[in-house]
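**Q** Dropping in upload.txt, with compact mmCIF, C-alpha atoms.
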# COMPACT_ATOMS: atom_id res chain seq x y z
CA MET A 726 1.73 -20.45 63.41
CA LYS A 727 4.64 -21.78 61.40
CA LYS A 728 2.19 -23.48 59.06
CA THR A 729 0.25 -20.26 58.61
CA CYS A 730 3.43 -18.36 57.72
CA LYS A 731 4.35 -20.99 55.18
CA LYS A 732 0.89 -20.69 53.67
CA ILE A 733 1.19 -16.89 53.43
CA ILE A 734 4.61 -17.09 51.78
CA SER A 735 3.47 -19.68 49.27
CA MET A 736 0.40 -17.57 48.49
CA ILE A 737 2.59 -14.50 47.90
CA VAL A 738 4.85 -16.45 45.57
CA SER A 739 1.99 -17.94 43.57
CA VAL A 740 0.07 -14.65 43.23
CA TYR A 741 3.31 -12.94 42.19
CA ILE A 742 3.95 -15.54 39.51
CA VAL A 743 0.38 -15.21 38.21
CA LEU A 744 0.67 -11.40 38.09
CA MET A 745 4.04 -11.54 36.36
CA LEU A 746 2.59 -13.84 33.73
CA PHE A 747 -0.34 -11.47 33.27
CA VAL A 748 1.93 -8.43 32.89
CA THR A 749 4.18 -10.25 30.42
CA CYS A 750 1.20 -11.27 28.32
CA SER A 751 -0.16 -7.71 28.40
CA PHE A 752 3.12 -6.33 27.03
CA TYR A 753 3.13 -8.97 24.36
CA ARG A 754 -0.38 -8.03 23.33
CA ALA A 755 0.48 -4.34 23.29
CA TYR A 756 3.34 -4.78 20.88
CA ALA A 757 2.15 -7.78 18.92
CA ILE A 758 2.02 -7.24 15.20
CA PRO A 759 -1.59 -7.35 14.09
CA GLY A 760 -2.41 -9.32 10.98
CA SER A 761 0.27 -9.48 8.33
CA ASP A 762 3.76 -8.01 8.46
CA PRO A 763 4.19 -4.27 8.84
CA ARG A 764 5.67 -2.56 5.83
CA ILE A 765 6.33 0.79 4.20
CA TYR A 766 6.36 1.19 0.44
CA VAL A 767 5.80 3.55 -2.44
CA ASP A 768 2.72 3.25 -4.59
CA ILE A 769 2.80 4.96 -7.96
CA VAL A 770 -0.45 6.50 -9.17
CA TYR A 771 -1.06 7.92 -12.64
CA GLU A 772 -3.29 10.92 -12.15
CA ASN A 773 -5.67 12.49 -14.61
CA GLY A 774 -3.79 15.08 -16.60
CA GLY A 775 -0.63 13.01 -16.86
CA THR A 776 1.04 13.73 -13.52
CA ILE A 777 2.60 10.83 -11.68
CA ARG A 778 2.18 10.58 -7.92
CA ALA A 779 4.33 8.56 -5.52
CA ASP A 780 2.37 7.73 -2.36
CA VAL A 781 4.34 6.67 0.73
CA ILE A 782 2.17 4.01 2.35
CA VAL A 783 2.49 2.35 5.75
CA GLU A 784 0.54 -0.79 6.47
CA ASN A 785 -0.04 -3.02 9.47
CA MET A 786 1.87 -0.83 11.89
CA PRO A 787 1.08 -0.81 15.56
CA ASN A 788 0.80 2.60 17.17
CA ILE A 789 4.17 4.27 16.99
CA ARG A 790 5.32 7.54 18.35
CA THR A 791 8.29 8.49 16.28
CA GLY A 792 10.21 7.22 13.31
CA ALA A 793 11.91 8.14 10.10
CA PHE A 794 11.94 6.90 6.56
CA TYR A 795 14.15 7.17 3.54
CA LEU A 796 12.67 7.57 0.11
CA ASN A 797 15.34 6.43 -2.33
CA VAL A 798 14.69 7.66 -5.85
CA GLY A 799 16.31 5.97 -8.83
CA ALA A 800 18.10 8.10 -11.41
CA GLY A 801 15.16 7.56 -13.73
CA TRP A 802 12.90 9.71 -11.59
CA THR A 803 13.01 13.21 -10.18
CA ILE A 804 10.83 14.69 -7.44
CA LEU A 805 8.98 17.82 -8.47
CA PRO A 806 8.69 20.88 -6.21
CA ASN A 807 5.35 21.13 -4.41
CA ASN A 808 2.76 23.82 -5.09
CA HIS A 809 4.66 26.26 -2.89
CA GLY A 810 7.92 25.89 -4.74
CA ASN A 811 9.54 23.78 -2.03
CA THR A 812 12.04 21.59 -3.83
CA LYS A 813 11.79 18.89 -1.18
CA GLY A 814 8.45 18.26 -2.83
CA LEU A 815 6.61 16.93 0.21
CA ARG A 816 2.84 16.93 -0.18
CA ILE A 817 0.29 16.18 2.48
CA ASP A 818 -3.48 16.20 2.24
CA SER A 819 -5.07 16.85 5.59
CA ASP A 820 -8.20 14.98 4.50
CA ASP A 821 -6.83 11.57 3.77
CA THR A 822 -3.39 11.24 5.27
CA ILE A 823 -2.21 10.03 8.63
CA ASN A 824 -1.40 12.65 11.21
CA LEU A 825 2.36 12.88 10.92
CA GLY A 826 2.62 14.99 14.04
CA GLN A 827 5.69 17.19 14.00
CA TYR A 828 8.19 16.38 11.33
CA SER A 829 11.20 17.48 9.39
CA ILE A 830 12.28 16.55 5.88
CA ALA A 831 15.78 16.68 4.44
CA GLU A 832 17.12 16.15 0.94
CA ASN A 833 19.76 13.56 0.27
CA GLY A 834 20.72 13.77 -3.37
CA THR A 835 17.62 12.67 -5.21
CA GLY A 836 16.22 10.98 -2.09
CA ARG A 837 14.32 12.37 0.86
CA PHE A 838 14.62 11.68 4.59
CA LEU A 839 11.62 12.42 6.76
CA VAL A 840 11.56 12.26 10.57
CA PHE A 841 8.26 12.46 12.43
CA LEU A 842 7.45 12.76 16.11
CA ASN A 843 4.20 12.72 18.01
CA THR A 844 4.14 14.30 21.41
CA ASP A 845 1.18 12.09 22.30
CA ASP A 846 2.60 9.34 24.54
CA ASN A 847 0.36 6.73 22.99
CA GLY A 848 1.43 7.40 19.43
CA TYR A 849 -0.88 7.27 16.50
CA ASP A 850 -2.12 4.46 14.37
CA TYR A 851 0.02 4.54 11.22
CA ASN A 852 -1.96 2.71 8.59
CA GLY A 853 -2.42 4.42 5.28
CA ARG A 854 -0.76 7.18 3.31
CA LEU A 855 1.89 9.14 5.19
CA CYS A 856 2.53 11.68 2.46
CA TYR A 857 3.12 11.86 -1.28
CA PHE A 858 5.35 13.39 -3.93
CA HIS A 859 4.84 14.25 -7.56
CA ILE A 860 7.53 12.76 -9.76
CA GLU A 861 8.50 12.75 -13.41
CA ARG A 862 10.84 10.73 -15.58
CA THR A 863 14.34 12.02 -16.20
CA SER A 864 15.97 11.99 -19.63
CA ILE A 865 17.89 8.84 -18.70
CA ASN A 866 14.86 6.93 -17.43
CA ASN A 867 14.90 3.24 -18.19
CA PRO A 868 13.47 0.14 -16.51
CA MET A 869 16.68 -0.41 -14.57
CA ASN A 870 16.73 2.98 -12.86
CA SER A 871 13.02 3.65 -12.45
CA THR A 872 12.66 2.24 -8.97
CA LEU A 873 11.43 4.03 -5.87
CA ASN A 874 12.32 2.40 -2.61
CA CYS A 875 11.19 3.33 0.87
CA THR A 876 12.82 2.12 4.07
CA PHE A 877 12.26 2.97 7.68
CA GLY A 878 15.08 4.80 9.42
CA ASP A 879 18.06 3.27 11.13
CA SER A 880 18.06 1.23 14.32
CA GLY A 881 15.82 2.66 16.95
CA GLY A 882 13.80 4.52 14.38
CA LEU A 883 10.62 3.18 15.84
CA TYR A 884 10.00 4.28 19.37
CA GLY A 885 8.98 1.41 21.59
CA VAL A 886 8.62 -1.14 18.82
CA ASN A 887 12.20 -1.48 17.67
CA PHE A 888 11.89 -5.16 16.95
CA VAL A 889 9.34 -4.65 14.20
CA ASP A 890 10.96 -5.53 10.91
CA ILE A 891 9.93 -3.24 8.10
CA THR A 892 10.26 -4.86 4.73
CA ASN A 893 11.65 -2.89 1.87
CA GLN A 894 9.74 -2.85 -1.33
CA ALA A 895 10.75 -1.53 -4.69
CA VAL A 896 7.81 -0.41 -6.74
CA ASN A 897 7.78 0.00 -10.49
CA PRO A 898 5.25 1.74 -12.70
CA VAL A 899 2.45 -0.22 -14.31
CA MET A 900 4.00 -2.81 -16.60
CA LEU A 901 2.56 -3.33 -20.06
CA SER A 902 4.74 -6.16 -21.32
CA SER A 903 7.91 -8.07 -20.52
CA TYR A 904 10.52 -9.96 -22.50
CA GLU A 905 13.05 -12.55 -21.51
CA TYR A 906 16.36 -12.10 -23.28
CA LEU A 907 20.07 -12.77 -23.16
CA ILE A 908 22.08 -9.70 -22.24
CA GLY A 909 24.14 -8.74 -25.29
CA ASP A 910 22.23 -10.95 -27.72
CA ALA A 911 21.72 -8.32 -30.41
CA ASP A 912 20.72 -10.74 -33.17
CA GLY A 913 18.30 -12.70 -31.00
CA ASN A 914 19.67 -16.16 -31.88
CA GLY A 915 20.19 -17.15 -28.24
CA ILE A 916 23.97 -17.23 -28.58
CA ILE A 917 26.54 -14.62 -27.63
CA ASP A 918 29.23 -14.35 -30.24
CA ALA A 919 31.10 -11.93 -32.49
CA ARG A 920 28.02 -11.48 -34.67
CA ASP A 921 26.28 -9.69 -31.82
CA ALA A 922 29.19 -7.31 -31.47
CA THR A 923 29.14 -6.72 -35.21
CA LYS A 924 25.40 -5.93 -35.14
CA ILE A 925 25.94 -3.39 -32.38
CA LEU A 926 28.94 -1.80 -34.13
CA THR A 927 27.03 -1.58 -37.40
CA ALA A 928 24.10 0.12 -35.68
CA THR A 929 26.31 2.56 -33.82
CA THR A 930 28.53 3.74 -36.65
CA ASN A 931 29.15 7.49 -36.72
CA LEU A 932 29.01 7.47 -32.93
CA THR A 933 25.27 6.90 -32.93
CA ILE A 934 23.89 6.25 -29.44
CA TYR A 935 20.47 4.77 -28.78
CA ASN A 936 18.58 5.25 -25.53
CA VAL A 937 17.02 1.90 -24.65
CA TYR A 938 13.90 3.52 -23.23
CA SER A 939 13.48 5.76 -26.26
CA ILE A 940 13.64 2.90 -28.75
CA ARG A 941 11.58 0.50 -26.66
CA ASN A 942 8.80 0.48 -29.28
CA SER A 943 10.91 0.99 -32.43
CA TYR A 944 14.01 -1.12 -31.78
CA THR A 945 13.13 -3.62 -34.53
CA SER A 946 14.06 -1.05 -37.15
CA ILE A 947 17.61 -1.07 -35.74
CA PHE A 948 17.95 -4.58 -34.32
CA PRO A 949 15.33 -6.55 -36.29
CA ASP A 950 15.89 -9.86 -34.55
CA ALA A 951 16.64 -8.72 -31.00
CA ALA A 952 14.23 -9.95 -28.34
CA CYS A 953 13.78 -6.43 -26.97
CA ALA A 954 15.35 -2.98 -26.95
CA ALA A 955 17.55 -3.80 -23.96
CA ALA A 956 19.16 -6.92 -25.46
CA PRO A 957 22.05 -5.13 -27.25
CA ASP A 958 22.79 -3.05 -24.12
CA GLY A 959 25.62 -5.29 -22.99
CA ASN A 960 26.85 -3.11 -20.12
CA GLU A 961 23.30 -2.28 -18.99
CA ASP A 962 23.87 1.46 -18.77
CA GLY A 963 20.60 2.33 -20.47
CA VAL A 964 22.14 3.30 -23.81
CA ILE A 965 23.42 1.30 -26.77
CA ASP A 966 26.76 2.45 -28.12
CA SER A 967 30.10 1.04 -29.24
CA SER A 968 31.10 0.23 -25.67
CA ASP A 969 28.41 -2.47 -25.67
CA ALA A 970 30.12 -4.10 -28.64
CA THR A 971 33.38 -4.12 -26.67
CA VAL A 972 31.70 -5.69 -23.63
CA VAL A 973 30.04 -8.35 -25.80
CA MET A 974 33.34 -9.19 -27.49
CA GLN A 975 35.15 -9.45 -24.17
CA ALA A 976 32.43 -11.77 -22.88
CA TYR A 977 32.56 -13.88 -26.03
CA MET A 978 36.31 -14.24 -25.72
CA ALA A 979 36.07 -15.17 -22.07
CA MET A 980 33.38 -17.77 -22.74
CA SER A 981 35.34 -19.20 -25.67
CA VAL A 982 38.16 -20.24 -23.34
CA GLY A 983 35.81 -21.45 -20.60
CA ASN A 984 36.02 -18.39 -18.36
CA THR A 985 33.15 -16.49 -16.80
CA PRO A 986 32.70 -13.01 -18.28
CA SER A 987 33.25 -10.11 -15.92
CA SER A 988 30.08 -8.47 -17.23
CA LYS A 989 26.53 -9.80 -17.20
CA VAL A 990 26.63 -10.52 -20.93
CA GLY A 991 25.09 -13.91 -21.63
CA GLN A 992 22.90 -13.90 -18.55
CA ILE A 993 19.14 -14.13 -18.81
CA ALA A 994 17.30 -10.92 -17.97
CA ILE A 995 13.79 -9.59 -18.14
CA TYR A 996 12.97 -6.38 -19.97
CA GLU A 997 9.75 -4.73 -18.94
CA VAL A 998 7.93 -2.01 -20.85
CA PHE A 999 6.06 0.33 -18.57
CA GLN A 1000 3.18 2.66 -19.06
CA MET B 827 -10.67 -19.52 56.48
CA LYS B 828 -10.13 -15.93 57.56
CA ILE B 829 -6.38 -16.45 57.52
CA LYS B 830 -6.57 -17.84 54.02
CA LYS B 831 -8.53 -14.82 52.75
CA PHE B 832 -6.17 -12.48 54.55
CA SER B 833 -3.20 -14.28 53.02
CA ILE B 834 -4.56 -13.93 49.49
CA ILE B 835 -5.29 -10.21 49.92
CA LEU B 836 -1.90 -9.58 51.53
CA ALA B 837 -0.14 -11.55 48.81
CA ALA B 838 -1.92 -9.59 46.09
CA ILE B 839 -1.05 -6.23 47.69
CA ILE B 840 2.62 -7.13 48.13
CA SER B 841 2.89 -8.50 44.61
CA LEU B 842 1.26 -5.47 43.07
CA ALA B 843 3.47 -3.15 45.09
CA THR B 844 6.58 -4.80 43.73
CA LEU B 845 5.33 -4.35 40.18
CA MET B 846 4.55 -0.65 40.47
CA PRO B 847 7.10 1.62 38.80
CA THR B 848 8.77 3.67 41.47
CA ASN B 849 10.46 6.35 39.40
CA SER B 850 9.51 8.31 36.28
CA PHE B 851 12.12 8.90 33.60
CA ALA B 852 12.26 12.56 34.58
CA ALA B 853 13.03 11.64 38.17
CA GLU B 854 16.04 9.68 36.96
CA ILE B 855 17.44 12.74 35.22
CA SER B 856 19.28 15.13 37.49
CA ASP B 857 18.81 18.88 37.08
CA GLU B 858 22.46 19.18 36.11
CA LEU B 859 22.01 16.64 33.33
CA TYR B 860 18.72 18.21 32.24
CA GLN B 861 20.42 21.57 31.75
CA LYS B 862 22.72 19.94 29.20
CA TYR B 863 19.73 19.49 26.92
CA ASP B 864 19.73 23.24 26.25
CA PHE B 865 21.51 22.61 22.98
CA ASN B 866 21.19 26.13 21.59
CA SER B 867 22.23 27.66 24.93
CA ASP B 868 19.32 30.09 25.01
CA GLY B 869 18.64 29.38 28.68
CA LEU B 870 15.49 27.40 27.91
CA ILE B 871 14.97 23.72 27.32
CA ASN B 872 11.99 23.65 25.00
CA GLY B 873 10.66 22.68 21.58
CA ASP B 874 13.62 24.33 19.86
CA ASP B 875 15.91 21.79 21.47
CA ILE B 876 13.66 18.88 20.44
CA PHE B 877 13.70 20.21 16.90
CA LEU B 878 17.49 20.48 16.96
CA ILE B 879 17.76 16.77 17.77
CA ILE B 880 15.49 15.98 14.82
CA GLN B 881 17.61 18.20 12.58
CA ARG B 882 20.84 16.61 13.78
CA TYR B 883 19.37 13.16 13.17
CA SER B 884 18.54 14.24 9.61
CA GLU B 885 22.08 15.57 9.20
CA ILE B 886 23.58 12.27 10.32
CA ALA B 887 21.26 10.28 8.07
CA THR B 888 21.72 12.36 4.93
CA GLY B 889 25.20 13.81 5.35
CA ASN B 890 23.82 17.28 4.62
CA THR B 891 24.37 20.37 6.73
CA ILE B 892 21.13 21.59 8.28
CA ILE B 893 22.24 23.19 11.55
CA SER B 894 24.21 26.33 10.80
CA GLU B 895 26.17 26.64 14.03
CA GLN B 896 28.94 24.14 14.66
CA SER B 897 28.85 24.76 18.43
CA ILE B 898 25.21 23.64 18.55
CA ARG B 899 26.04 20.53 16.55
CA GLU B 900 28.86 19.66 18.93
CA ASN B 901 26.59 20.28 21.89
CA ILE B 902 24.00 17.88 20.49
CA ASP B 903 26.57 15.22 19.66
CA LYS B 904 27.91 15.44 23.18
CA ASN B 905 24.66 15.47 25.13
CA ALA B 906 21.67 14.40 23.03
CA ASP B 907 21.87 10.63 23.43
CA ILE B 908 19.16 10.84 26.08
CA ASP B 909 18.16 7.19 25.96
CA SER B 910 21.83 6.10 26.12
CA ASP B 911 21.66 3.77 23.13
CA ASN B 912 24.76 5.33 21.52
CA VAL B 913 22.84 6.84 18.61
CA ILE B 914 21.15 10.19 18.22
CA ASN B 915 17.80 9.77 16.58
CA ALA B 916 14.11 10.53 16.87
CA ASN B 917 13.85 8.43 20.04
CA ASP B 918 16.00 10.98 21.85
CA ALA B 919 13.71 13.73 20.62
CA ALA B 920 10.74 11.79 21.98
CA LYS B 921 12.50 11.34 25.31
CA LEU B 922 13.24 15.06 25.53
CA SER B 923 9.60 15.77 24.70
CA ASP B 924 8.62 13.53 27.64
CA LEU B 925 11.05 15.31 29.94
CA ILE B 926 9.81 18.73 28.90
CA LYS B 927 6.23 17.67 29.58
CA GLU B 928 7.17 16.40 33.02
CA LYS B 929 9.28 19.40 33.97
CA ASN B 930 6.96 22.16 32.77
CA SER B 931 3.38 23.20 33.34
CA MET B 932 0.73 22.67 30.70
CA GLY B 933 0.37 25.93 28.79
CA ASP B 934 3.98 27.04 29.26
CA VAL B 935 4.81 26.17 25.66
CA ASN B 936 8.09 28.10 25.52
CA CYS B 937 9.13 26.58 28.86
CA ASP B 938 10.18 29.88 30.43
CA LYS B 939 8.28 28.98 33.64
CA ILE B 940 5.75 31.76 32.99
CA ILE B 941 2.40 31.16 31.33
CA ASP B 942 1.67 34.42 29.57
CA THR B 943 0.59 36.08 26.35
CA ARG B 944 3.60 34.72 24.47
CA ASP B 945 2.41 31.18 25.14
CA ALA B 946 -1.12 32.08 24.11
CA SER B 947 0.19 33.67 20.94
CA SER B 948 2.27 30.59 20.07
CA VAL B 949 -0.71 28.28 20.62
CA LEU B 950 -2.92 30.48 18.46
CA THR B 951 -0.32 30.68 15.69
CA TYR B 952 0.13 26.92 15.78
CA TYR B 953 -3.61 26.34 15.63
CA THR B 954 -4.09 28.81 12.80
CA ARG B 955 -1.32 27.24 10.78
CA LEU B 956 -2.64 23.74 11.37
CA SER B 957 -6.07 24.87 10.28
CA THR B 958 -4.69 26.11 6.99
CA GLU B 959 -5.15 23.42 4.39
CA ASP B 960 -1.65 23.49 2.97
CA TYR B 961 0.34 24.67 5.97
CA LYS B 962 2.47 21.57 6.26
CA GLU B 963 3.57 21.75 2.66
CA LYS B 964 4.55 25.41 2.82
CA GLU B 965 7.33 25.08 5.31
CA LEU B 966 8.10 22.41 7.73
CA SER B 967 8.06 22.24 11.47
CA ILE B 968 9.69 24.91 13.55
CA GLY B 969 10.93 24.47 17.08
CA ILE B 970 8.01 26.16 18.79
CA ASP B 971 5.65 23.63 17.19
CA TYR B 972 7.18 20.88 19.28
CA GLY B 973 6.67 22.92 22.43
CA VAL B 974 3.06 23.69 21.57
CA ALA B 975 2.38 20.08 20.62
CA ALA B 976 3.76 18.95 23.99
CA LEU B 977 2.32 21.59 26.30
CA GLY B 978 -0.33 23.48 24.35
CA ASP B 979 -3.38 21.48 25.37
CA TYR B 980 -4.08 23.80 28.29
CA ASP B 981 -7.69 22.70 28.83
CA LYS B 982 -6.58 19.05 28.52
CA ASN B 983 -9.36 18.04 26.15
CA GLY B 984 -7.01 16.31 23.75
CA ILE B 985 -7.14 19.06 21.12
CA ILE B 986 -4.91 22.11 20.74
CA ASP B 987 -7.04 24.93 19.45
CA ALA B 988 -8.08 28.54 19.99
CA ARG B 989 -9.80 27.60 23.26
CA ASP B 990 -6.42 26.71 24.75
CA ALA B 991 -5.02 30.07 23.68
CA SER B 992 -8.05 31.77 25.13
CA ALA B 993 -7.81 29.84 28.43
CA ILE B 994 -4.11 30.76 28.74
CA LEU B 995 -4.98 34.41 28.20
CA VAL B 996 -7.77 34.31 30.76
CA ASN B 997 -5.44 32.69 33.29
CA TYR B 998 -2.75 35.27 32.59
CA ALA B 999 -5.21 38.14 32.94
CA SER B 1000 -6.62 36.86 36.21
CA ASN B 1001 -3.14 36.30 37.63
CA SER B 1002 -2.06 39.78 36.54
CA VAL B 1003 -4.83 41.57 38.40
CA SER B 1004 -4.73 39.44 41.51
Mind turning the file's structure into structure tokens?

**A**
Amino acid sequence: MKKTCKKIISMIVSVYIVLMLFVTCSFYRAYAIPGSDPRIYVDIVYENGGTIRADVIVENMPNIRTGAFYLNVGAGWTILPNNHGNTKGLRIDSDDTINLGQYSIAENGTGRFLVFLNTDDNGYDYNGRLCYFHIERTSINNPMNSTLNCTFGDSGGLYGVNFVDITNQAVNPVMLSSYEYLIGDADGNGIIDARDATKILTATTNLTIYNVYSIRNSYTSIFPDAACAAAPDGNEDGVIDSSDATVVMQAYMAMSVGNTPSSKVGQIAIYEVFQ
Amino acid sequence: MKIKKFSIILAAIISLATLMPTNSFAAEISDELYQKYDFNSDGLINGDDIFLIIQRYSEIATGNTIISEQSIRENIDKNADIDSDNVINANDAAKLSDLIKEKNSMGDVNCDKIIDTRDASSVLTYYTRLSTEDYKEKELSIGIDYGVAALGDYDKNGIIDARDASAILVNYASNSVS
């Protein structure tokens, strides 16, 4: 009898362990990330007729029930109102977008914050375009401020799958060409010195200010030897004016005595010309 | 041999029994606590209250004012952390949606404990708006949408449409004459 009891107890323990292992594996399977990493990002599309569309795309997400995302818009872009005059600009096509369920969108400066919630316990499969916005360039658009960045909401933004790490991705428009240059190197000789400051001062006499983006294709008429339009923009504010000459001079003086400049003058940068 | 078989079956039953969840989330929430989720103090805990959590979450995230009444905001801040993770976000809205589904009957979309023409009307309005191509762009969710989305599938076929509104009306009519 004692032996039988022992057998029963050991059976209970072993079956329990097997079941626990099974349940644990089932949970793992339910929340495992399929394929590559999940991510949310903005894809820029140039539409026929000249409009520019920013698609908010989610990829490789397991079924989720609720979440939120931030669309951060650089100063070089502005979101246009949608067809109904709503300045939040949210656009959704019922044909090709994911079912957002119930949602709310709020403005945050130039950015947008969208919260969505499905009342379906199982959630929906979020793979594809969530929504889109029409955007246009602002008057101060330049390669440095033309980014759109999308991030999922704060901790706990994803119901039931909080451990999923959503990668952030900045997306730029289609790039046509790029140039490597030294910041502040206005004469394109690969050295930062007083001559660069002189070039900038000469070009900006009478308080002339050049927008880097505006002169991206014609800069050689002003700075014939510069590697690109952004090279003389020592303080990287998107415009070339006398303050760039000051920054270049300060950097030159600092470097002359072996110090590191407080600005980025002298550092290698990439200038990209976009469509 | 019989004892061995019996042992295996018994072991499986006991093991399974220990794994079964014994309480739903709603059962863990007392009525007193549930009443605190009436953030707008209209006497009903429904989709409006879910929507208020979403709005408050947006306020916290953006720093903008969305909810006009300060008393409602304070009420949410005090009571809306339903999942007790010390933050108010969309998870709490989802939890409240679960609670509302468990505490109310399917079809009672405004959660007033009566399934009547008002519920049918809300379901029909929701369906009509969803059917409109550009509805979601025109203006965004309203509180009743959350209630309809949670409790509007009256015929439980997985779709909220005019048939649900119709079924609610038929049920209301038959109850009224009986």

**Q** Could you state the separation of atom CA of Asn866 of chain B and atom CA of Gln881 of chain B in Å, given to one decimal place?

**A** 12.5 Å

**Q** Please identify all polymer residues within 10 Å of segment 945-955 of chain A, counting only C-alpha atoms, omitting same-chain residues fewer than 4 positions from it, and present them as a ChimeraX atom specification.

**A** /A:867-868,903-915,921,924-925,927-929,935-941,959,961-965,994-998

**Q** Point out the residue among B:Asn905, B:Thr954, B:Ser856, B:Asn890 with the least atom-to-atom distance to chain A, counting only C-alpha atoms.

**A** B:Asn890

**Q** Please check which residues have atoms at most 12 Å from (35.6, -12.4, -27.1) in the file's coordinates, counting all atoms listed in the file, and write them as a PyMOL selection string.

**A** chain A and resi 917-923+970-988+990-991

**Q** What is the distance between atom CA of Leu855 of chain A and atom CA of Thr812 of chain A, in Å to one decimal?

**A**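 These two atoms are separated by 18.4 Å.
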
**Q** Just give me the gap between atom CA of Asp945 of chain B and atom CA of Gly933 of chain B in Å, one decimal is fine.

**A**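 Interatomic distance, atom CA of Asp945 of chain B to atom CA of Gly933 of chain B: 6.7 Å.
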
**Q** Counting all atoms listed in the file, which of B:Ile855, B:Ala906, B:Ile985, B:Ile898 gets nearest to chain A?

**A**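 The answer is B:Ile985, which sits nearest to chain A.
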
**Q** Could you give me, as an mmCIF file with C-alpha atoms, in the frame of the given file, the residues within 8 Å of Asp938 of chain B, counting all atoms listed in the file and dropping anything in the same chain fewer than 3 positions from it?

**A**
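Full text of selection.cif as output:
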data_model
loop_
_atom_site.group_PDB
_atom_site.id
_atom_site.type_symbol
_atom_site.label_atom_id
_atom_site.label_comp_id
_atom_site.auth_asym_id
_atom_site.auth_seq_id
_atom_site.Cartn_x
_atom_site.Cartn_y
_atom_site.Cartn_z
ATOM 1 C CA LEU B 870 15.490 27.400 27.910
ATOM 2 C CA ASP B 934 3.980 27.040 29.260
ATOM 3 C CA ILE B 941 2.400 31.160 31.330
#

**Q** Which residues are close to Thr803 of chain A, i.e. within 12 Å by all atoms listed in the file, leaving aside same-chain residues fewer than 3 positions away? Reply as number ranges by chain.

**A** A: 777-779, 796-800, 806, 812-814, 834-837, 858-866, 870-873

**Q** Which residue gives the smallest distance to chain A among B:Asp942, B:Glu928, B:Asp971, B:Asp874, with only C-alpha atoms counted?

**A**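 With only C-alpha atoms as the atom set, the closest residue is B:Asp971.
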